[in-house]
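See below for the structure under consideration.
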Number of protein chains: 4
Amino acid sequence: MIKAAVLGATGYAGIELVRILARHPGVSIGIVNSKTFKGQKISDVYPNLTGIFDMPCTELDLDKAAECDVAFTALPHGASKDVIPSLLEKGLKVIDLSGDYRYDDAGVYEEWYGEKHSSPELLAESVYGLCELHRDKIKNARLIGNPGCYTTCSILGAAPLVANGIIDNKSIIIDAKSGVSGAGRGLNLAQHFCECTENTKAYKIGTHRHTSEIEQELSNIAGEKIMLSFTPHLIPQKRGIFSTIYANLSGEYKTGDVLDMYKEYYKDEFFVRVRDGIPETKFVCGSNFVDTGVTVDERLGRVIATSVIDNLFKGAAGQAVQNMNIMFGFDEKTALADAGYYI
Amino acid sequence: MIKAAVLGATGYAGIELVRILARHPGVSIGIVNSKTFKGQKISDVYPNLTGIFDMPCTELDLDKAAECDVAFTALPHGASKDVIPSLLEKGLKVIDLSGDYRYDDAGVYEEWYGEKHSSPELLAESVYGLCELHRDKIKNARLIGNPGCYTTCSILGAAPLVANGIIDNKSIIIDAKSGVSGAGRGLNLAQHFCECTENTKAYKIGTHRHTSEIEQELSNIAGEKIMLSFTPHLIPQKRGIFSTIYANLSGEYKTGDVLDMYKEYYKDEFFVRVRDGIPETKFVCGSNFVDTGVTVDERLGRVIATSVIDNLFKGAAGQAVQNMNIMFGFDEKTALADAGYYI
Amino acid sequence: MIKAAVLGATGYAGIELVRILARHPGVSIGIVNSKTFKGQKISDVYPNLTGIFDMPCTELDLDKAAECDVAFTALPHGASKDVIPSLLEKGLKVIDLSGDYRYDDAGVYEEWYGEKHSSPELLAESVYGLCELHRDKIKNARLIGNPGCYTTCSILGAAPLVANGIIDNKSIIIDAKSGVSGAGRGLNLAQHFCECTENTKAYKIGTHRHTSEIEQELSNIAGEKIMLSFTPHLIPQKRGIFSTIYANLSGEYKTGDVLDMYKEYYKDEFFVRVRDGIPETKFVCGSNFVDTGVTVDERLGRVIATSVIDNLFKGAAGQAVQNMNIMFGFDEKTALADAGYYI
Amino acid sequence: MIKAAVLGATGYAGIELVRILARHPGVSIGIVNSKTFKGQKISDVYPNLTGIFDMPCTELDLDKAAECDVAFTALPHGASKDVIPSLLEKGLKVIDLSGDYRYDDAGVYEEWYGEKHSSPELLAESVYGLCELHRDKIKNARLIGNPGCYTTCSILGAAPLVANGIIDNKSIIIDAKSGVSGAGRGLNLAQHFCECTENTKAYKIGTHRHTSEIEQELSNIAGEKIMLSFTPHLIPQKRGIFSTIYANLSGEYKTGDVLDMYKEYYKDEFFVRVRDGIPETKFVCGSNFVDTGVTVDERLGRVIATSVIDNLFKGAAGQAVQNMNIMFGFDEKTALADAGYYI
């Protein structure tokens, strides 16, 4: 039985972590940290938890944290960097849900986040926690940069195309659609019900930070620098990301050929389901699954891959627990193997 | 390890049963029956199940069913009655999700359903499966009439008022609001997305069949015949029922007094949470919980109780599994104790 | 051609006013006032207006306002009272969308709003702008207290019952469901998309201010003091209010009898449609209509009336324009006679 | 005053036509035709129309139709072709909302619709009714092929890029997202509320018929054959289409350069609004507007254009009325100039 601290437990990713960890047979939650709600029971902030998990929220106390084996940091951007070095010093393993420890190269971080990285030495050590791609490194990691939601969906949707070298790597375009929970629980006009419902929009065209994460990982797979278009859209649903991935084929392939490559690439992955048809967000919401599909448009010599995840689950909290399972020797599926709810 | 058959597995209640049973450590699913989808894998009908539960749907074969210990019948109205006697004969215990076996009195059934009951002798034997009220009888039952969704929510929301004799029993009014999944997966204009979304309506005012179920149970608690108003409404969400229950108080009580009665009444019930505030459907969706609240309007001498459930879970499949747990000696919470998803 | 000022033009009621007035052939909008967005074009705040109405928002300038004939004040609670006396002095007629001038009796205001009324002399003069009930007084009014959204829906739904003296006036219960736009554009967790969607809740049980407005108007019709239960609920849609109104009948009536009374009561009202069936919010959204229906439950001797409106239209901006039409001698239907959008 | 017949008046496009025509000062509706609802008042089928337009639906009677000046045919696919020749013979002008008369080349129709065209001689005569592109031809047309919803949005969003010759025409990718009303009122599991809400999916990748319409029009503008990727998605809202259009730039352009081209291209078009930012579907829903925006990603040498429409309005009924206005000499904006509803 290991002991976990959840920092930033009352955001949407944080509370999803709590909900998953609360049913994990090998974990006890030792700390739920929340600046805003300190002193309140977490089940008063999220009443779905009443009777199941009623621990009071506390402000961060590093000495108390030292009793834990692992910390999940689901803090606002920037806040992670201040606390993570101390947690590591205290001997915890850390799974960070912010963007701070996702990069191989501090320069890329600085270019896309517009600020210097505060602990480049940790960046060198941290492992990008996309479990399906970096399982071996994750096993022995002390610090995980848990991937972003758009990036998890997009990288896994595109990886077999790049890995098999069947596309023009300069032609990749990712058109991604996300539910509103991806923007968090903060108060913004853009998340007001009346502004979201019955509305679809694109935002940060060509400038979204997740672009750089996707480029990093696909470049690593390709063995050459890949630059690509990534366009995020906001759609009127709570959860779910849908990525539509376009690329020009470098040879003559049929849908079946490419589908076989996908099935081969993911043949050992429980959480990736390669579908003969096109996935829908409802196939995965409430679960840790990534569903992918692929279609070749022979008329144009172009492949269109599609992939879906639940942004709070595989796109945040679920993958964080999956990383923890790998790091601490649990069965990777523990607490994560249930089907989503569909309806 | 017991073996379960799910009849009508591809409706919304049926598939929720499959989803819950698939994670039940003491049950293996032996049969998933579906007329419409026979021969297809159930995970092709509900792709959230792919890789988790891929059993093919079959037409009902009573000999094969005989290998099972329990059958859940989630069939269209009327179809249950044809098959249940045979299942019982084969030695199975049966939990029926239709309205056929919920009544003490065949006359009430016939009045509200407009047809003669086909097996009144079974009706005499069957137990009304509202676990919190009839746990002892359920333990030894062979046939359960699993309660309706509106009724579960409304009866549990009103029971403490009636049991404590603090209201004028002639004054009860239940105004209930339900998500669309309560109407099932059948094709009807009323369930078309464009007709449902951004729309609220009432229907079957004064004539909804669940009225009679609520009256039966509250009358049993009161020890006198209760007749009441029940008004169902359709609201634009998938899941969730909200019941607002009005009654005139027969004496001078404050909110705190009545709240104490609720807490006392449900003090041993894990799945009923009495709240100091007002519950919301998102507190329970995705879970087997019933959340209740109560407010006394002293100005008017009236009490307003509120209660919420997930109509597919505690209002159908979850309660069916809870019944099974009681009948077969499992811990009542097995496979049912997770928190709902809130977001 | 009259000239109108809209104060508080960038809230949801304000912008609906602008949208309606922009198509009114007898009105030109002279001022759109907004503290928050002063200096910005209103079509930059609400881009649906681009190319149709692009006037810049200004801070309130009373001298400029003096050039207008009518002012609509859609200001936050309390702000109206400061500015309305000045507007009246400058010779404008004022239609106030706040709760400040809706009461006959300052004492009722003070009881429900918890503060002293700042201008009780104006309260004595102001007319409650429920057009169907007070048309004659509105014609000559200088100051209109434009009714609340819940109240418009509920009063018009219940009025024929009270006017015909067929119910026990002590038994009235109004269970009302509102879309989220009723709460305005302000930032609150309760209006966050992820908190609203897939959720239904009740709030302010027994204490909502609109209760007092409904009681005032029904008491006036009855000629005796009426006190009633009013329970507001929030449902996951943008627009629309549904009121379900319960009362015990004082004699034996059938649905047809009561329906005839409704049809007679509203026989000259274009904007009230008495339906043989049950109305739905989508029948009226985007329009100034109030649709009502009525069902007698003979088993219980109880009547259940239902009524629906669009809370931003007939429940706010539309009715304000209807009041203006009456006050300035326009055809009452001008700019208001279109059908709602249904889909 | 001209007289109009609406054939197929009770589908979603048909009823939107009725709603718009009912407020057109130069048109009286002579016939509302519906096979399914013949004999019923149209306001019983769509109760938002009660008191505004209550005409009974009739089966098609060509002699009665002969009294009309114009017919709108909003019939199921294939049905239009049977009736349109007769209507033309009777002397009516016809605006057809199906795909039958949208093509220059019967061969393209046959390739994408998989059947022979029944009246290629009419196809030669018919005009593609995208008003902004073909206004002059529309003026004198007898038969209009009213454009599809996806196509209107996509063609107008991409046209300035092609017309200015600044992109590689082989690189065009259109990723389009549509609300559910685009699929019509027919009963399909895919339109069931519980299957649509909280769900996003792609469909008919590389094979959607609208692809051929977009290719035809952009090819005509380019003066060379264009083939492109078009991917339709279904998103959980009633109305609204969002097209995200990608193309590789053939030279070095900045966002401002391309934006200027858009503004110049549409400078005389009331219904096309070129925005400095990115449009959202709520900017146009309930209106006849097309809003566009454009972003150059200089890092990649790629342009991303975005465009939005209301699929039932500018994407169907509104544009049909706009065509009628042009054909009959009305001001093109008549009955179409109102702002959408935003909320």
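If you're wondering about the labels, chains in the structure tokens are A, B, ... by order shown, residues count from 1 in each chain, ligands from 1 in order shown.
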
ask   = Could you list, as a ChimeraX atom specification, every residue of chain D that has an atom within 6 Å of an atom of chain A, counting only C-alpha atoms?
value = /D:198-201,206,237,280-282,297

Grab the residues selected above and save them as a short mmCIF file (atom, residue, chain, number, x, y, z; two decimals), in the first residue's frame with all heavy atoms.
```
data_model
loop_
_atom_site.label_atom_id
_atom_site.label_comp_id
_atom_site.auth_asym_id
_atom_site.auth_seq_id
_atom_site.Cartn_x
_atom_site.Cartn_y
_atom_site.Cartn_z
N GLU D 198 -23.15 15.11 -25.57
CA GLU D 198 -21.82 14.69 -25.07
C GLU D 198 -21.10 13.78 -26.05
O GLU D 198 -20.38 12.87 -25.64
CB GLU D 198 -21.97 13.97 -23.71
CG GLU D 198 -22.14 14.90 -22.55
CD GLU D 198 -20.86 15.66 -22.24
OE1 GLU D 198 -19.83 15.04 -21.94
OE2 GLU D 198 -20.91 16.90 -22.28
N ASN D 199 -21.28 14.00 -27.34
CA ASN D 199 -20.59 13.16 -28.32
C ASN D 199 -20.18 13.95 -29.55
O ASN D 199 -20.91 14.82 -30.01
CB ASN D 199 -21.51 12.00 -28.78
CG ASN D 199 -20.74 10.92 -29.50
OD1 ASN D 199 -19.59 10.67 -29.18
ND2 ASN D 199 -21.35 10.28 -30.48
N THR D 200 -19.00 13.65 -30.04
CA THR D 200 -18.52 14.21 -31.31
C THR D 200 -18.01 13.06 -32.14
O THR D 200 -17.36 12.15 -31.63
CB THR D 200 -17.40 15.24 -31.07
OG1 THR D 200 -17.98 16.38 -30.43
CG2 THR D 200 -16.77 15.68 -32.37
N LYS D 201 -18.33 13.09 -33.42
CA LYS D 201 -17.85 12.03 -34.31
C LYS D 201 -17.64 12.58 -35.72
O LYS D 201 -18.22 13.59 -36.10
CB LYS D 201 -18.84 10.87 -34.35
CG LYS D 201 -20.19 11.19 -34.96
CD LYS D 201 -21.04 9.92 -35.08
CE LYS D 201 -22.42 10.23 -35.63
NZ LYS D 201 -23.24 9.03 -35.72
N GLY D 206 -14.08 11.34 -46.65
CA GLY D 206 -13.67 11.20 -48.05
C GLY D 206 -14.77 10.87 -49.03
O GLY D 206 -14.54 10.78 -50.24
N GLN D 237 -24.92 20.14 -30.92
CA GLN D 237 -25.71 21.37 -30.88
C GLN D 237 -26.74 21.25 -31.99
O GLN D 237 -26.63 20.41 -32.86
CB GLN D 237 -24.82 22.60 -31.03
CG GLN D 237 -23.97 22.68 -32.29
CD GLN D 237 -22.97 23.85 -32.24
OE1 GLN D 237 -22.04 23.84 -31.45
NE2 GLN D 237 -23.17 24.84 -33.08
N GLU D 280 -17.46 32.40 -34.45
CA GLU D 280 -18.03 31.29 -33.68
C GLU D 280 -19.44 31.06 -34.21
O GLU D 280 -20.08 31.98 -34.70
CB GLU D 280 -18.09 31.66 -32.18
CG GLU D 280 -16.76 32.19 -31.66
CD GLU D 280 -16.77 32.53 -30.16
OE1 GLU D 280 -17.72 32.12 -29.46
OE2 GLU D 280 -15.83 33.20 -29.71
N THR D 281 -19.93 29.85 -34.06
CA THR D 281 -21.26 29.58 -34.64
C THR D 281 -22.34 30.47 -34.03
O THR D 281 -23.30 30.83 -34.69
CB THR D 281 -21.68 28.10 -34.53
OG1 THR D 281 -21.74 27.72 -33.16
CG2 THR D 281 -20.71 27.19 -35.25
N LYS D 282 -22.18 30.86 -32.76
CA LYS D 282 -23.22 31.66 -32.13
C LYS D 282 -23.28 33.08 -32.70
O LYS D 282 -24.23 33.81 -32.42
CB LYS D 282 -23.06 31.68 -30.62
CG LYS D 282 -21.93 32.51 -30.10
CD LYS D 282 -21.71 32.28 -28.61
CE LYS D 282 -22.88 32.51 -27.75
NZ LYS D 282 -23.58 31.62 -27.07
N ASP D 297 -0.28 30.90 -40.63
CA ASP D 297 0.73 30.34 -39.76
C ASP D 297 2.06 30.48 -40.51
O ASP D 297 2.41 29.63 -41.34
CB ASP D 297 0.40 28.87 -39.46
CG ASP D 297 1.31 28.28 -38.40
OD1 ASP D 297 2.44 28.79 -38.23
OD2 ASP D 297 0.90 27.30 -37.75
#
```

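Counting only C-alpha atoms, the residue from A:Val70, A:Val180, A:Ile52, A:Leu60 that sits nearest to Met327 of chain A is A:Val70.
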
What's around segment 36-51 of chain C at 7 Å? Count only C-alpha atoms, leave out sequence neighbours fewer than 3 positions away in its own chain, and write the answer as a PDB file with N, CA and C atoms, in the first residue's frame.
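Contents of selection02.pdb, as written:
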```pdb
ATOM      1  N   ASP C  54     -23.993  48.736 -34.676  1.00  0.00           N
ATOM      2  CA  ASP C  54     -22.589  48.818 -34.253  1.00  0.00           C
ATOM      3  C   ASP C  54     -22.284  50.003 -33.340  1.00  0.00           C
ATOM      4  N   MET C  55     -23.315  50.567 -32.717  1.00  0.00           N
ATOM      5  CA  MET C  55     -23.118  51.762 -31.898  1.00  0.00           C
ATOM      6  C   MET C  55     -22.118  51.497 -30.758  1.00  0.00           C
ATOM      7  N   PRO C  56     -21.247  52.472 -30.455  1.00  0.00           N
ATOM      8  CA  PRO C  56     -20.340  52.294 -29.317  1.00  0.00           C
ATOM      9  C   PRO C  56     -21.094  52.414 -27.988  1.00  0.00           C
ATOM     10  N   CYS C  57     -20.665  51.678 -27.019  1.00  0.00           N
ATOM     11  CA  CYS C  57     -21.221  51.791 -25.667  1.00  0.00           C
ATOM     12  C   CYS C  57     -20.641  53.027 -24.981  1.00  0.00           C
ATOM     13  N   THR C  58     -21.466  53.679 -24.217  1.00  0.00           N
ATOM     14  CA  THR C  58     -21.003  54.859 -23.482  1.00  0.00           C
ATOM     15  C   THR C  58     -21.372  54.733 -22.020  1.00  0.00           C
ATOM     16  N   GLU C  59     -20.678  55.499 -21.206  1.00  0.00           N
ATOM     17  CA  GLU C  59     -21.103  55.654 -19.817  1.00  0.00           C
ATOM     18  C   GLU C  59     -22.324  56.567 -19.802  1.00  0.00           C
TER      19      GLU C  59
ATOM     20  N   PHE D 283     -22.266  33.493 -33.455  1.00  0.00           N
ATOM     21  CA  PHE D 283     -22.330  34.813 -34.080  1.00  0.00           C
ATOM     22  C   PHE D 283     -23.400  34.854 -35.179  1.00  0.00           C
ATOM     23  N   VAL D 284     -23.731  33.708 -35.739  1.00  0.00           N
ATOM     24  CA  VAL D 284     -24.603  33.678 -36.921  1.00  0.00           C
ATOM     25  C   VAL D 284     -25.896  32.889 -36.734  1.00  0.00           C
ATOM     26  N   ALA D 339     -30.477  40.260 -36.897  1.00  0.00           N
ATOM     27  CA  ALA D 339     -29.348  39.623 -36.226  1.00  0.00           C
ATOM     28  C   ALA D 339     -29.767  38.262 -35.696  1.00  0.00           C
ATOM     29  N   GLY D 340     -28.829  37.365 -35.625  1.00  0.00           N
ATOM     30  CA  GLY D 340     -29.074  36.089 -34.950  1.00  0.00           C
ATOM     31  C   GLY D 340     -29.240  36.307 -33.464  1.00  0.00           C
ATOM     32  N   TYR D 342     -27.567  34.888 -30.753  1.00  0.00           N
ATOM     33  CA  TYR D 342     -26.383  34.791 -29.882  1.00  0.00           C
ATOM     34  C   TYR D 342     -26.651  33.882 -28.679  1.00  0.00           C
TER      35      TYR D 342
END
```

task = From the DSSP assignment of the backbone, select every residue of segment 161-268 of chain D that is helix (DSSP H, G or I), and format the answer as a VMD selection string.
result = chain D and resid 161 to 163 169 to 171 180 to 183 189 to 191 193 to 196 210 to 222 255 to 265

task = Show which residues sit within 9 Å of His77 of chain D, as an MDAnalysis selection string. Count only C-alpha atoms, and ignore same-chain residues fewer than 4 positions away.
result = chainID D and resid 81 98:100

Residues just named, written with N, CA, C and O atoms as a compact mmCIF listing (two decimals), in the first residue's frame:
```txt
# COMPACT_ATOMS: atom_id res chain seq x y z
N LYS D 81 -36.96 15.49 -58.13
CA LYS D 81 -36.85 15.29 -59.58
C LYS D 81 -38.16 14.91 -60.24
O LYS D 81 -38.38 15.20 -61.40
N SER D 98 -32.87 20.22 -52.64
CA SER D 98 -32.16 18.94 -52.70
C SER D 98 -30.86 19.09 -53.48
O SER D 98 -30.52 20.18 -53.96
N GLY D 99 -30.14 17.98 -53.66
CA GLY D 99 -28.87 18.02 -54.40
C GLY D 99 -29.06 17.88 -55.90
O GLY D 99 -28.08 17.93 -56.66
N ASP D 100 -30.29 17.73 -56.36
CA ASP D 100 -30.51 17.31 -57.75
C ASP D 100 -30.10 18.31 -58.81
O ASP D 100 -29.74 17.91 -59.92
```

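Note that the spacing between atom CA of Ala316 of chain B and atom CA of Lys333 of chain A amounts to 28.2 Å.
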
task = Name all residues at most 12 Å from Ile2 of chain D (count only C-alpha atoms; drop same-chain ones fewer than 4 positions away) and give them as a count of residues only.
result = 21

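The smallest atom-to-atom distance between Ser212 of chain A and any of A:Ser80, A:Ser250, A:Gln191, A:Ser154, using only C-alpha atoms, is found for A:Ser154.
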
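Of note, atom CA of His192 of chain C and atom CA of His208 of chain C are spaced 21.5 Å apart.
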
Enumerate, as a compact mmCIF listing (two decimals) with N, CA and C atoms, in the first residue's frame, the complete set of residues in segment 88-336 of chain D that a backbone-based DSSP assignment places in strand (DSSP E).
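Wrote it out as result-v7.txt, contents follow:
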```txt
# COMPACT_ATOMS: atom_id res chain seq x y z
N LYS D 93 -41.47 29.41 -60.98
CA LYS D 93 -40.04 29.32 -60.77
C LYS D 93 -39.83 28.36 -59.60
N VAL D 94 -38.74 27.64 -59.64
CA VAL D 94 -38.53 26.62 -58.61
C VAL D 94 -37.17 26.79 -57.94
N ILE D 95 -37.20 26.77 -56.63
CA ILE D 95 -35.96 26.76 -55.85
C ILE D 95 -35.90 25.44 -55.12
N ASP D 96 -34.96 24.60 -55.54
CA ASP D 96 -34.92 23.22 -55.04
C ASP D 96 -33.83 23.08 -53.99
N VAL D 127 -29.46 26.93 -62.15
CA VAL D 127 -28.37 27.78 -61.66
C VAL D 127 -28.04 27.39 -60.23
N TYR D 128 -26.77 27.32 -59.92
CA TYR D 128 -26.33 27.02 -58.56
C TYR D 128 -26.55 28.25 -57.70
N LEU D 143 -34.92 27.87 -62.55
CA LEU D 143 -34.70 26.74 -61.63
C LEU D 143 -33.37 26.93 -60.89
N ILE D 144 -33.48 26.92 -59.58
CA ILE D 144 -32.30 27.10 -58.73
C ILE D 144 -31.98 25.81 -58.00
N GLY D 145 -30.73 25.40 -58.06
CA GLY D 145 -30.25 24.33 -57.17
C GLY D 145 -29.69 25.01 -55.93
N ILE D 173 -7.74 21.30 -47.46
CA ILE D 173 -8.39 20.36 -46.54
C ILE D 173 -9.46 21.13 -45.78
N ILE D 174 -10.69 20.61 -45.82
CA ILE D 174 -11.79 21.26 -45.10
C ILE D 174 -12.29 20.33 -44.02
N ASP D 175 -12.15 20.76 -42.78
CA ASP D 175 -12.62 20.00 -41.63
C ASP D 175 -13.86 20.72 -41.11
N ALA D 176 -15.04 20.11 -41.30
CA ALA D 176 -16.30 20.80 -41.01
C ALA D 176 -17.05 20.13 -39.87
N LYS D 177 -17.67 20.96 -39.04
CA LYS D 177 -18.40 20.47 -37.87
C LYS D 177 -19.84 20.98 -37.99
N SER D 178 -20.80 20.09 -37.85
CA SER D 178 -22.19 20.51 -38.02
C SER D 178 -23.06 20.13 -36.84
N LYS D 201 -18.33 13.09 -33.42
CA LYS D 201 -17.85 12.03 -34.31
C LYS D 201 -17.64 12.58 -35.72
N ALA D 202 -16.80 11.91 -36.49
CA ALA D 202 -16.67 12.18 -37.91
C ALA D 202 -17.45 11.11 -38.66
N SER D 229 -9.91 17.45 -49.66
CA SER D 229 -10.44 16.65 -48.55
C SER D 229 -11.54 17.41 -47.86
N PHE D 230 -12.64 16.71 -47.61
CA PHE D 230 -13.74 17.31 -46.85
C PHE D 230 -14.18 16.28 -45.81
N THR D 231 -14.10 16.65 -44.54
CA THR D 231 -14.47 15.72 -43.47
C THR D 231 -15.58 16.30 -42.62
N PRO D 232 -16.77 15.74 -42.70
CA PRO D 232 -17.87 16.24 -41.87
C PRO D 232 -17.85 15.60 -40.47
N HIS D 233 -18.17 16.39 -39.48
CA HIS D 233 -18.29 15.91 -38.10
C HIS D 233 -19.65 16.30 -37.54
N LEU D 234 -20.15 15.49 -36.63
CA LEU D 234 -21.40 15.82 -35.95
C LEU D 234 -21.08 16.26 -34.52
N ILE D 241 -22.74 25.47 -38.40
CA ILE D 241 -21.64 24.77 -39.05
C ILE D 241 -20.39 25.60 -38.87
N PHE D 242 -19.31 24.92 -38.56
CA PHE D 242 -18.00 25.55 -38.45
C PHE D 242 -17.07 24.83 -39.42
N SER D 243 -16.51 25.57 -40.38
CA SER D 243 -15.54 24.98 -41.32
C SER D 243 -14.15 25.52 -41.03
N THR D 244 -13.21 24.60 -40.87
CA THR D 244 -11.81 24.98 -40.71
C THR D 244 -11.11 24.54 -41.98
N ILE D 245 -10.53 25.50 -42.68
CA ILE D 245 -10.03 25.27 -44.04
C ILE D 245 -8.52 25.49 -44.06
N TYR D 246 -7.81 24.46 -44.45
CA TYR D 246 -6.35 24.51 -44.47
C TYR D 246 -5.84 24.52 -45.90
N ALA D 247 -4.81 25.31 -46.16
CA ALA D 247 -4.15 25.25 -47.47
C ALA D 247 -2.74 25.77 -47.35
N ASN D 248 -1.86 25.22 -48.16
CA ASN D 248 -0.48 25.70 -48.19
C ASN D 248 -0.40 26.94 -49.06
N VAL D 272 -21.96 38.48 -45.84
CA VAL D 272 -20.66 37.91 -45.48
C VAL D 272 -19.90 38.93 -44.63
N ARG D 273 -19.55 38.51 -43.43
CA ARG D 273 -18.80 39.40 -42.55
C ARG D 273 -17.39 38.84 -42.36
N VAL D 274 -16.41 39.57 -42.83
CA VAL D 274 -15.02 39.14 -42.64
C VAL D 274 -14.54 39.72 -41.31
N VAL D 290 -22.85 34.79 -43.03
CA VAL D 290 -21.68 33.92 -43.09
C VAL D 290 -20.55 34.74 -42.48
N ASP D 291 -19.94 34.26 -41.43
CA ASP D 291 -18.81 34.97 -40.85
C ASP D 291 -17.54 34.21 -41.16
N THR D 292 -16.51 34.93 -41.56
CA THR D 292 -15.25 34.28 -41.89
C THR D 292 -14.10 34.95 -41.16
N GLY D 293 -13.04 34.19 -41.00
CA GLY D 293 -11.80 34.72 -40.42
C GLY D 293 -10.65 34.00 -41.07
N VAL D 294 -9.46 34.53 -40.91
CA VAL D 294 -8.33 33.90 -41.57
C VAL D 294 -7.06 34.12 -40.74
N THR D 295 -6.24 33.10 -40.66
CA THR D 295 -4.99 33.18 -39.92
C THR D 295 -3.88 32.56 -40.77
N VAL D 296 -2.78 33.27 -40.89
CA VAL D 296 -1.63 32.67 -41.56
C VAL D 296 -0.67 32.15 -40.49
N ASP D 297 -0.28 30.90 -40.63
CA ASP D 297 0.73 30.34 -39.76
C ASP D 297 2.06 30.48 -40.51
N ARG D 302 1.31 28.16 -44.05
CA ARG D 302 -0.02 27.59 -44.27
C ARG D 302 -1.06 28.61 -43.83
N VAL D 303 -2.18 28.67 -44.53
CA VAL D 303 -3.28 29.54 -44.13
C VAL D 303 -4.40 28.69 -43.55
N ILE D 304 -5.02 29.17 -42.48
CA ILE D 304 -6.18 28.50 -41.90
C ILE D 304 -7.34 29.48 -41.92
N ALA D 305 -8.30 29.21 -42.79
CA ALA D 305 -9.50 30.04 -42.86
C ALA D 305 -10.61 29.37 -42.07
N THR D 306 -11.46 30.18 -41.46
CA THR D 306 -12.58 29.63 -40.71
C THR D 306 -13.86 30.31 -41.19
N SER D 307 -14.94 29.56 -41.21
CA SER D 307 -16.21 30.18 -41.60
C SER D 307 -17.35 29.48 -40.88
N VAL D 308 -18.39 30.23 -40.61
CA VAL D 308 -19.54 29.70 -39.87
C VAL D 308 -20.85 30.15 -40.52
N ILE D 309 -21.84 29.28 -40.45
CA ILE D 309 -23.20 29.64 -40.86
C ILE D 309 -24.19 28.93 -39.94
```

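For the pair atom CA of Phe53 of chain D and atom CA of Arg23 of chain D, the interatomic distance is 9.9 Å.
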
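You can rank C:Gly129, C:Gly223, C:Gly251, C:Pro147 by their closest distance to Ile166 of chain C using only C-alpha atoms, and at the top of that list sits C:Gly251.
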
remark   = Residue with the minimum atom-to-atom distance to Ala317 of chain A, picked from A:Leu336, A:Glu121, A:Glu89, A:Gly165 with only C-alpha atoms counted, is A:Leu336

message = Excluding Cys131 of chain C and its own-chain neighbours fewer than 6 positions away, which residues fall within 10 Å of it when counting only C-alpha atoms? Please give them as an NGL selection string.
response = :C and (137-139 or 146-147 or 152 or 269 or 271 or 319-320 or 322-323 or 326 or 332)

message = Under the rule that only C-alpha atoms are counted, which of C:Ala13, C:Ala335, C:Val32, C:Leu62 is the nearest residue to Pro76 of chain C?
response = C:Ala13

request  = Find the spatial neighbours of Leu123 of chain A, counting only C-alpha atoms, within a cut-off of 7 Å - ignore same-chain residues fewer than 2 positions away - and output them as a PyMOL selection string.
outcome  = chain A and resi 101+103-104+119-121+125-126
